[in-house]
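**Student:** This is entry-v5.cif (mmCIF, C-alpha atoms).
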data_my_file
loop_
_atom_site.label_atom_id
_atom_site.label_comp_id
_atom_site.auth_asym_id
_atom_site.auth_seq_id
_atom_site.Cartn_x
_atom_site.Cartn_y
_atom_site.Cartn_z
CA MET A 20 -53.13 -178.96 86.94
CA LYS A 21 -55.11 -176.14 88.56
CA ALA A 22 -56.84 -178.60 90.89
CA LEU A 23 -53.46 -180.13 91.82
CA PHE A 24 -52.02 -176.73 92.75
CA HIS A 25 -55.07 -175.86 94.84
CA ARG A 26 -54.93 -179.18 96.62
CA VAL A 27 -51.24 -179.27 97.41
CA MET A 28 -51.25 -175.67 98.62
CA ALA A 29 -54.02 -176.42 101.10
CA VAL A 30 -52.51 -179.70 102.23
CA CYS A 31 -49.04 -178.25 102.69
CA LEU A 32 -50.06 -175.12 104.56
CA ILE A 33 -52.37 -176.98 106.93
CA ALA A 34 -51.30 -180.58 107.25
CA SER A 35 -47.68 -179.64 107.82
CA ALA A 36 -48.73 -178.24 111.15
CA ALA A 37 -49.35 -181.76 112.36
CA LEU A 38 -45.61 -182.39 112.05
CA SER A 39 -44.57 -179.36 114.05
CA SER A 40 -43.45 -179.99 117.59
CA GLY A 41 -45.63 -178.21 120.11
CA VAL A 42 -48.40 -175.71 119.49
CA MET A 43 -47.75 -172.02 118.94
CA ALA A 44 -49.55 -169.62 121.20
CA ALA A 45 -51.83 -167.15 119.47
CA ASN A 46 -49.51 -164.25 120.26
CA ASP A 47 -46.27 -165.98 119.22
CA GLU A 48 -44.51 -164.17 116.40
CA ILE A 49 -43.66 -165.89 113.14
CA ASN A 50 -39.92 -166.16 112.58
CA THR A 51 -39.72 -164.36 109.23
CA SER A 52 -35.92 -164.26 109.42
CA ASP A 53 -35.82 -168.02 108.69
CA PRO A 54 -37.78 -169.12 105.59
CA TYR A 55 -37.89 -172.77 106.64
CA GLU A 56 -39.24 -172.01 110.09
CA MET A 57 -41.58 -169.39 108.68
CA ILE A 58 -43.37 -171.90 106.44
CA LYS A 59 -43.77 -174.41 109.27
CA GLN A 60 -44.94 -171.81 111.79
CA VAL A 61 -47.45 -170.26 109.41
CA ALA A 62 -48.80 -173.73 108.76
CA ASN A 63 -49.06 -174.37 112.49
CA LYS A 64 -50.97 -171.16 113.19
CA THR A 65 -53.28 -171.76 110.23
CA PHE A 66 -54.00 -175.29 111.38
CA ASP A 67 -54.81 -174.08 114.90
CA ARG A 68 -57.10 -171.39 113.50
CA PHE A 69 -58.75 -173.93 111.21
CA LYS A 70 -59.61 -176.13 114.22
CA GLN A 71 -60.62 -173.20 116.39
CA ASP A 72 -63.04 -171.83 113.77
CA ARG A 73 -64.44 -175.19 112.65
CA ALA A 74 -68.01 -174.28 113.60
CA LEU A 75 -67.80 -170.97 111.75
CA ILE A 76 -66.42 -172.70 108.67
CA ASP A 77 -69.16 -175.32 108.72
CA SER A 78 -71.84 -172.64 108.88
CA ASP A 79 -70.24 -170.34 106.29
CA LEU A 80 -67.40 -171.44 104.03
CA SER A 81 -66.58 -167.83 103.20
CA HIS A 82 -64.98 -167.66 106.66
CA LEU A 83 -62.05 -169.49 105.07
CA LYS A 84 -61.21 -166.20 103.34
CA VAL A 85 -60.89 -164.57 106.75
CA ILE A 86 -58.44 -167.26 107.86
CA VAL A 87 -56.40 -166.93 104.67
CA ASN A 88 -56.32 -163.14 104.96
CA GLU A 89 -55.24 -163.16 108.58
CA GLU A 90 -52.98 -166.20 108.80
CA LEU A 91 -51.43 -166.72 105.35
CA MET A 92 -51.34 -163.54 103.30
CA PRO A 93 -49.05 -161.54 105.61
CA TYR A 94 -46.32 -164.03 104.64
CA VAL A 95 -47.02 -164.12 100.88
CA ASP A 96 -45.27 -161.56 98.65
CA TYR A 97 -48.34 -161.07 96.47
CA LYS A 98 -47.10 -157.75 95.05
CA TYR A 99 -43.91 -159.37 93.76
CA ALA A 100 -45.94 -162.28 92.39
CA ALA A 101 -48.44 -159.91 90.75
CA TYR A 102 -45.68 -157.98 89.00
CA LYS A 103 -44.12 -161.25 87.82
CA VAL A 104 -47.50 -162.38 86.48
CA MET A 105 -47.91 -159.15 84.51
CA GLY A 106 -44.57 -159.83 82.86
CA GLN A 107 -43.65 -157.58 79.94
CA TYR A 108 -46.94 -155.69 80.23
CA LEU A 109 -45.97 -154.20 83.58
CA ARG A 110 -44.15 -151.30 81.93
CA ASP A 111 -47.23 -150.49 79.81
CA THR A 112 -49.48 -149.88 82.81
CA THR A 113 -50.03 -146.75 84.87
CA PRO A 114 -49.23 -146.65 88.60
CA ASP A 115 -52.98 -146.71 89.31
CA GLN A 116 -53.49 -149.76 87.11
CA ARG A 117 -50.59 -151.56 88.80
CA ASP A 118 -52.00 -150.81 92.24
CA ARG A 119 -55.44 -152.05 91.25
CA PHE A 120 -54.00 -155.15 89.58
CA VAL A 121 -52.01 -156.01 92.72
CA GLU A 122 -55.13 -155.58 94.85
CA ALA A 123 -57.19 -157.72 92.48
CA PHE A 124 -54.47 -160.40 92.33
CA GLU A 125 -54.26 -160.49 96.12
CA GLY A 126 -58.02 -161.03 96.33
CA TYR A 127 -57.80 -163.73 93.69
CA LEU A 128 -55.09 -165.54 95.70
CA VAL A 129 -57.20 -165.31 98.87
CA ALA A 130 -60.18 -166.85 97.08
CA THR A 131 -57.96 -169.52 95.49
CA TYR A 132 -56.39 -170.56 98.79
CA ALA A 133 -59.75 -170.45 100.61
CA GLN A 134 -61.23 -172.80 98.02
CA ALA A 135 -58.20 -175.04 98.36
CA LEU A 136 -58.72 -175.35 102.10
CA THR A 137 -62.04 -177.11 101.49
CA GLU A 138 -60.06 -180.10 100.18
CA TYR A 139 -58.01 -180.73 103.31
CA THR A 140 -58.59 -184.20 104.79
CA ASP A 141 -55.93 -186.31 106.49
CA GLN A 142 -52.82 -186.01 104.34
CA ALA A 143 -49.35 -186.03 105.84
CA VAL A 144 -46.44 -183.78 104.90
CA GLU A 145 -42.70 -184.37 105.05
CA PHE A 146 -40.23 -181.46 104.94
CA ASP A 147 -36.67 -181.91 103.69
CA PRO A 148 -33.99 -180.70 106.15
CA ALA A 149 -33.27 -176.96 106.08
CA SER A 150 -30.19 -175.75 104.23
CA ASP A 151 -27.85 -172.86 104.95
CA PHE A 152 -29.51 -169.74 103.53
CA SER A 153 -27.20 -167.08 104.95
CA ASP A 154 -25.97 -165.98 101.52
CA GLU A 155 -29.12 -166.76 99.56
CA LYS A 156 -31.70 -164.36 98.15
CA ILE A 157 -34.17 -167.07 97.13
CA VAL A 158 -34.63 -170.46 98.78
CA GLU A 159 -36.65 -173.54 97.94
CA ILE A 160 -38.38 -175.44 100.73
CA ASN A 161 -38.83 -179.02 99.50
CA VAL A 162 -41.87 -180.94 100.66
CA GLN A 163 -43.56 -184.26 99.96
CA ILE A 164 -47.28 -184.80 100.43
CA ILE A 165 -48.12 -188.33 101.51
CA GLU A 166 -51.63 -189.61 100.94
CA LYS A 167 -52.67 -193.22 101.35
CA GLY A 168 -53.17 -195.02 98.07
CA ARG A 169 -51.43 -192.35 95.98
CA PRO A 170 -47.81 -191.67 94.96
CA PRO A 171 -46.13 -188.89 96.98
CA ILE A 172 -46.49 -185.41 95.50
CA LYS A 173 -43.23 -183.46 95.38
CA ILE A 174 -43.56 -179.71 95.76
CA GLN A 175 -41.46 -176.69 96.61
CA PHE A 176 -42.28 -173.42 98.28
CA LYS A 177 -40.13 -170.59 96.99
CA ALA A 178 -39.35 -167.71 99.32
CA ARG A 179 -37.37 -164.52 98.73
CA ARG A 180 -35.29 -162.36 101.03
CA LEU A 181 -36.59 -158.80 101.39
CA LYS A 182 -34.50 -155.67 101.92
CA ASP A 183 -34.96 -155.88 105.69
CA ASN A 184 -33.67 -159.51 105.68
CA THR A 185 -37.10 -160.98 106.36
CA TRP A 186 -38.57 -163.60 104.02
CA LYS A 187 -41.86 -164.08 102.20
CA ALA A 188 -43.16 -166.90 100.02
CA PHE A 189 -43.93 -166.07 96.40
CA ASP A 190 -44.33 -169.32 94.44
CA LEU A 191 -45.35 -172.95 94.66
CA VAL A 192 -43.85 -175.57 92.36
CA ALA A 193 -45.80 -178.83 92.07
CA GLU A 194 -44.14 -181.77 90.33
CA GLY A 195 -41.78 -179.38 88.54
CA VAL A 196 -44.46 -176.92 87.38
CA SER A 197 -44.44 -173.39 88.80
CA LEU A 198 -47.79 -171.88 89.80
CA LEU A 199 -46.33 -168.41 89.22
CA ALA A 200 -45.05 -169.28 85.76
CA SER A 201 -48.34 -170.89 84.74
CA LYS A 202 -50.32 -167.86 85.95
CA GLN A 203 -47.90 -165.54 84.18
CA SER A 204 -48.50 -167.34 80.89
CA GLU A 205 -52.27 -167.37 81.39
CA ILE A 206 -52.72 -163.79 82.60
CA SER A 207 -50.16 -162.12 80.33
CA ASN A 208 -51.97 -163.67 77.35
CA LEU A 209 -55.26 -162.27 78.62
CA ILE A 210 -53.69 -158.83 79.07
CA ARG A 211 -52.42 -158.98 75.49
CA GLN A 212 -55.81 -160.05 74.15
CA GLN A 213 -58.21 -158.05 76.33
CA GLY A 214 -56.20 -155.34 78.07
CA ILE A 215 -55.30 -154.73 81.70
CA GLU A 216 -58.70 -153.31 82.71
CA ALA A 217 -60.53 -156.43 81.54
CA VAL A 218 -58.11 -158.67 83.45
CA ILE A 219 -58.51 -156.63 86.63
CA SER A 220 -62.30 -157.01 86.32
CA MET A 221 -61.92 -160.76 85.72
CA LEU A 222 -59.76 -161.18 88.83
CA ASN A 223 -62.22 -159.18 90.91
CA ASP A 224 -65.07 -161.37 89.65
CA LYS A 225 -63.17 -164.53 90.57
CA THR A 226 -62.51 -163.07 94.02
CA LYS A 227 -66.25 -162.68 94.58
CA GLN A 228 -67.11 -166.26 93.60
CA LYS A 229 -68.71 -168.34 96.31
CA ILE A 230 -66.54 -170.85 98.15
CA ASP A 231 -68.04 -174.30 97.60
CA ARG A 232 -67.12 -177.52 99.31
CA GLN A 233 -65.85 -179.95 96.70
CA PRO A 234 -67.62 -183.34 96.52
CA THR A 235 -65.72 -186.25 98.05
CA LYS A 236 -64.33 -188.96 95.82
CA GLU A 237 -66.98 -191.32 97.12
CA ALA A 238 -69.80 -188.88 96.36
CA ALA A 239 -68.43 -188.13 92.92
CA ALA A 240 -68.28 -191.84 92.11
CA ALA A 241 -71.83 -192.50 93.30
#
In structure tokens, write the structure found in this file.
**Tutor:**
Amino acid sequence: MKALFHRVMAVCLIASAALSSGVMAANDEINTSDPYEMIKQVANKTFDRFKQDRALIDSDLSHLKVIVNEELMPYVDYKYAAYKVMGQYLRDTTPDQRDRFVEAFEGYLVATYAQALTEYTDQAVEFDPASDFSDEKIVEINVQIIEKGRPPIKIQFKARRLKDNTWKAFDLVAEGVSLLASKQSEISNLIRQQGIEAVISMLNDKTKQKIDRQPTKEAAAA
């Protein structure tokens, strides 16, 4: 399941750009007042950056973390997600521990998404039509990933309205399974067993892991 989440996140955030009409200029602002447009525009900018920095990526895969940090993370509500992941243990932590956990979780997400980007090939993405979100606090952006020779993968991006009426993404649901919920179960259990300090150290260690290009299906079968 972890590999599926990594793969669909990368495919959706990058390949969806191929469906966008036109190319955004580097200085165009993301429309954070519309969650549907926001997801598509972020994908478009990320895709453009991915192509622009291809030589840098080929020489050093860690450059993918730079792209994630600059193009994706400003539109991800990682603090909200981090607090959700901590679950019932949030109230047992100090403000300093919460701050350090959020920072560690952000770094972990950056590393996770950067690793996912190594799996992008030539998949296509189809977005469902946007719905009226004027009275909504949370919306679901439904997407299908189309890859030749495989059944379509159904996923959802979840975005939440902030106090200033802008939107940020906070969860990805793949084939009915929430990434946020699965991480909450995994990490809250580790907090219970090992304590918050150990989990912060674990997340920081995962953040520092080297980004490796995954072997192709053909290479793996050889």
**Student:** I'd like the interatomic distance between atom CA of Val192 of chain A and atom CA of Gln175 of chain A, to a tenth of an Å.
**Tutor:**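 Atom-to-atom, atom CA of Val192 of chain A and atom CA of Gln175 of chain A are spaced 5.0 Å apart.
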**Student:** Starting from the shown file, work through the PyMOL selection byres ((chain A and resi 150) around 12) and note down what comes out as a short mmCIF file (atom, residue, chain, number, x, y, z; two decimals) with C-alpha atoms, keeping the file's coordinate frame.
**Tutor:**
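File produced: expr_4.cif:
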data_model
loop_
_atom_site.label_atom_id
_atom_site.label_comp_id
_atom_site.auth_asym_id
_atom_site.auth_seq_id
_atom_site.Cartn_x
_atom_site.Cartn_y
_atom_site.Cartn_z
CA ASP A 53 -35.82 -168.02 108.69
CA PRO A 54 -37.78 -169.12 105.59
CA TYR A 55 -37.89 -172.77 106.64
CA GLU A 56 -39.24 -172.01 110.09
CA PHE A 146 -40.23 -181.46 104.94
CA ASP A 147 -36.67 -181.91 103.69
CA PRO A 148 -33.99 -180.70 106.15
CA ALA A 149 -33.27 -176.96 106.08
CA ASP A 151 -27.85 -172.86 104.95
CA PHE A 152 -29.51 -169.74 103.53
CA SER A 153 -27.20 -167.08 104.95
CA ASP A 154 -25.97 -165.98 101.52
CA GLU A 155 -29.12 -166.76 99.56
CA ILE A 157 -34.17 -167.07 97.13
CA VAL A 158 -34.63 -170.46 98.78
CA GLU A 159 -36.65 -173.54 97.94
CA ILE A 160 -38.38 -175.44 100.73
CA ASN A 161 -38.83 -179.02 99.50
#
**Student:** Find the spatial neighbours of Phe120 of chain A, counting only C-alpha atoms, within a cut-off of 10 Å - ignore same-chain residues fewer than 5 positions away - and output them as a PyMOL selection string.
**Tutor:** chain A and resi 98+101-102+105+112+114-115+125-126+215-216+218-220+222-223
**Student:** In terms of the shortest atom-to-atom distance over only C-alpha atoms, which of A:Val87, A:Ile206, A:Leu198, A:Ala217 is closest to Tyr132 of chain A?
**Tutor:**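 Selected residue with least distance to Tyr132 of chain A: A:Val87.
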**Student:** Please list as a list of chain:residue names every residue within 9 Å of Leu181 of chain A, counting all atoms listed in the file and excluding residues in the same chain fewer than 5 positions away.
**Tutor:**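 Those residues are A:Lys156, A:Trp186, A:Lys187.
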**Student:** For the residues in that selection, give me C-alpha atoms as an mmCIF file, in the frame of the given file.
**Tutor:**
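out.cif written:
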data_model
loop_
_atom_site.group_PDB
_atom_site.id
_atom_site.type_symbol
_atom_site.label_atom_id
_atom_site.label_comp_id
_atom_site.auth_asym_id
_atom_site.auth_seq_id
_atom_site.Cartn_x
_atom_site.Cartn_y
_atom_site.Cartn_z
ATOM 1 C CA LYS A 156 -31.700 -164.360 98.150
ATOM 2 C CA TRP A 186 -38.570 -163.600 104.020
ATOM 3 C CA LYS A 187 -41.860 -164.080 102.200
#
**Student:** Counting only C-alpha atoms, which residue out of A:Thr131, A:Phe124, A:Thr137, A:Lys227 sits closest to Gln203 of chain A?
**Tutor:**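 Ranked by minimum distance to Gln203 of chain A, first place goes to A:Phe124.
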**Student:** If I take atom CA of Asp118 of chain A and atom CA of Thr65 of chain A, how far is one from the other in Å, to one decimal?
**Tutor:**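 According to the coordinates, atom CA of Asp118 of chain A and atom CA of Thr65 of chain A are separated by 27.6 Å.
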**Student:** Counting all atoms listed in the file, figure out which residue out of A:Ala188, A:Ile86, A:Ile76, A:Ile49 gets nearest to Val129 of chain A.
**Tutor:** A:Ile86
**Student:** Given only C-alpha atoms as the basis, pick out the residue of A:Leu109, A:Ala123, A:Arg232, A:Ile165 nearest to Tyr97 of chain A.
**Tutor:**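 Among the listed residues, the smallest separation from Tyr97 of chain A belongs to A:Ala123.
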**Student:** Set the distance at 10 Å and use all atoms listed in the file: which residues neighbour Asn88 of chain A once local chain neighbours fewer than 3 positions away are removed? I'd like the list as a ChimeraX atom specification.
**Tutor:** /A:82-85,91-93,125-126,128-130,132-133
**Student:** Could you check which of A:Val121, A:Val144, A:Ala135, A:Val104 is closest to Asp190 of chain A, using only C-alpha atoms?
**Tutor:**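 Closest candidate: A:Val104.
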**Student:** Measuring between all atoms listed in the file, which one of A:Gln60, A:Ile164, A:Ser81, A:Phe66 shows the shortest distance to Glu194 of chain A?
**Tutor:** A:Ile164
**Student:** Quick check, in Å to one decimal: how far apart do atom CA of Gln163 of chain A and atom CA of Leu136 of chain A lie?
**Tutor:** 17.7 Å
